[in-house]
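Colleague: First the structure, which I've put down as structure tokens, then a few questions once you've had a look.
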Amino acid sequence: MTADLQTGIFYALVSGMLWGFGPLLLKRGMTLSNVSTATLIEQYTSVMLLAIIATARGELFLLDFSGKAFWAFVGAGAVGASFGKIFYYKGIDTVGASKSTSVKNSSPLLTVLLAVILLGEDVTFPVGVGSVLIVVGILVLSRAEGKGEERQGGPVKYFFYPLMAALCFGINPVLKKIGVDASSLPTLGALITQSTALVVMLTAGRFLQIKPKWERIPARSLILFSLAGITEALGSLFTFFALVYGPAVLVSPIWRVSPLVTFVLARFTLRGIEVVTLRDGVAASFIVGGVFVLSRG
């Protein structure tokens, strides 16, 4: 394995760790607030932090509105970092942080397919095995028991929001990779992606009840949502660095280790808020196992 590939894997793992903390902060903060407020505060914080970092690195002054990279980053922000994030947070509010994170992290299946078709990347035997393990994890998770009113309509309806998030996040890495290859400006790419997401949330987000409005926010929730924004910004930034050094078909699945982090920490940080069962852990293990096998491909 080359040094560049090792570096890409390292950045992907760091990103996955950071994104494992975010759902826990959001879930606890939403006990005193709501999905709309959580989404917008987290996004504002993310954009502000990335703007500071991009300025410090000198990338902000290299913005080219007509370039291929710019529009690829915009696309990534519109698809994954906005609607994907909205669906994801709705899933956290509906089925919980651990379940929503695990289902959302099935997105490497679509990423692998698109990376082969659009980027010409290779699919090896480990990639196929890893994909099967991820599917098994989702099937186990979809059979997890929930409260009666939550499961009305069956597993598909119950997991609608996380599944839609998985679709959006599956497309996202391919667009990021296209932008990174065209520009080699990872910090600017992260800023454009997150800024686009914020614009989409402030406009089209209202169709999913994400509406900006003035309201009193408990200080505890504000702090938790802001911390989630920091983990989101840094996690996003490290995905772009990972894509500089490695192919999307490899590094994208690796940063999906976040469900294991979320699952382990949820048992200790969300007591009394969310029930995390052994079945959830088994499902998360299958998914993370699939991610590991994919990384060997």
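By order in the structure tokens, chains are A, B, ...; within a chain, residues start at 1; ligands start at 1, following the order shown.
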Residues of stretch 41-227 of chain A classed as helix (DSSP H, G or I) by DSSP on the backbone are to be reported as a VMD selection string.
Modeller: chain A and resid 41 to 57 60 to 62 68 to 95 97 to 104 108 to 119 125 to 142 148 to 150 154 to 158 160 to 183 186 to 208 219 to 227
Colleague: Do you know which residues are at most 7 Å from A:Val249 counting only C-alpha atoms, after dropping those on the same chain fewer than 5 positions away, and could you put them as a PDB file with C-alpha atoms, in the first residue's frame?
Modeller:
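Writing the result to selection-v4.pdb gives the following:
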```pdb
ATOM      1  CA  THR A 111     -20.977   5.167  -4.283  1.00  0.00           C
ATOM      2  CA  VAL A 112     -19.162   2.048  -5.480  1.00  0.00           C
ATOM      3  CA  ALA A 115     -17.463   5.373  -8.971  1.00  0.00           C
ATOM      4  CA  GLU A 121     -12.548   2.996 -10.677  1.00  0.00           C
TER       5      GLU A 121
END
```
Colleague: Which polymer residues have any atom within 10 Å of an atom of stretch 198-201 of chain A, counting only C-alpha atoms, with same-chain residues fewer than 6 positions away left out, as a list in words?
Modeller: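 Answer for this query is Ser36, Thr39, Leu40, Ile41, Glu42, Gln43, Tyr44, Ser46, Val47, Gly77, Ala78, Val79, Ala81, Ser82, Phe83, Lys85, Ile86, Ile192, Phe207, Leu208, Gln209, Ile210, Lys211 and Pro212 of chain A.
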Colleague: Show me, as an MDAnalysis selection string, the residues that have an atom within 12 Å of A:Leu119 when counting only C-alpha atoms, minus same-chain residues fewer than 4 positions from it.
Modeller: chainID A and resid 111:115 123 173:179 181 247:249
Colleague: Would you mind exporting C-alpha atoms of the selected residues as a short mmCIF file (atom, residue, chain, number, x, y, z; two decimals), in the first residue's frame?
Modeller:
```cif
data_model
loop_
_atom_site.label_atom_id
_atom_site.label_comp_id
_atom_site.auth_asym_id
_atom_site.auth_seq_id
_atom_site.Cartn_x
_atom_site.Cartn_y
_atom_site.Cartn_z
CA THR A 111 -20.98 5.17 -4.28
CA VAL A 112 -19.16 2.05 -5.48
CA LEU A 113 -21.54 1.68 -8.42
CA LEU A 114 -21.24 5.33 -9.47
CA ALA A 115 -17.46 5.37 -8.97
CA VAL A 123 -14.37 -3.10 -8.21
CA PRO A 173 -18.56 11.35 -2.68
CA VAL A 174 -18.47 10.93 -6.47
CA LEU A 175 -19.21 14.62 -6.98
CA LYS A 176 -16.60 15.51 -4.37
CA LYS A 177 -14.00 13.38 -6.11
CA ILE A 178 -14.75 15.02 -9.46
CA GLY A 179 -14.27 18.45 -7.88
CA ASP A 181 -9.50 16.01 -9.13
CA PRO A 247 -10.13 6.71 -4.82
CA ALA A 248 -13.76 7.24 -3.86
CA VAL A 249 -14.49 3.51 -4.06
#
```
Colleague: As a VMD selection string, please: the residues near A:Pro253 (cut-off 6 Å, only C-alpha atoms, same-chain neighbours under 2 positions excluded).
Modeller: chain A and resid 108 251 255 to 256 291
Colleague: Could you work out how far atom CA of A:Thr231 lies from atom CA of A:Val136, giving the answer in Å with one decimal?
Modeller: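 A separation of 28.6 Å between them.
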Colleague: Using only C-alpha atoms, which protein or nucleic acid residues come within 7 Å of A:Glu59? Drop anything in the same chain fewer than 4 positions from it, and give the result as a PyMOL selection string.
Modeller: chain A and resi 54-55+185+187-188
Colleague: Which residue is closest to A:Leu250? Choose from A:Thr124, A:Thr45, A:Thr37, A:Ser226 and count only C-alpha atoms.
Modeller: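 Comparing A:Thr124, A:Thr45, A:Thr37, A:Ser226 against A:Leu250, the winner is A:Thr124.
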Colleague: Which one of A:Phe125, A:Ser184, A:Ala204, A:Thr94 sits closest to A:Phe159 if you count only C-alpha atoms?
Modeller: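 Smallest distance to A:Phe159 is found for A:Thr94.
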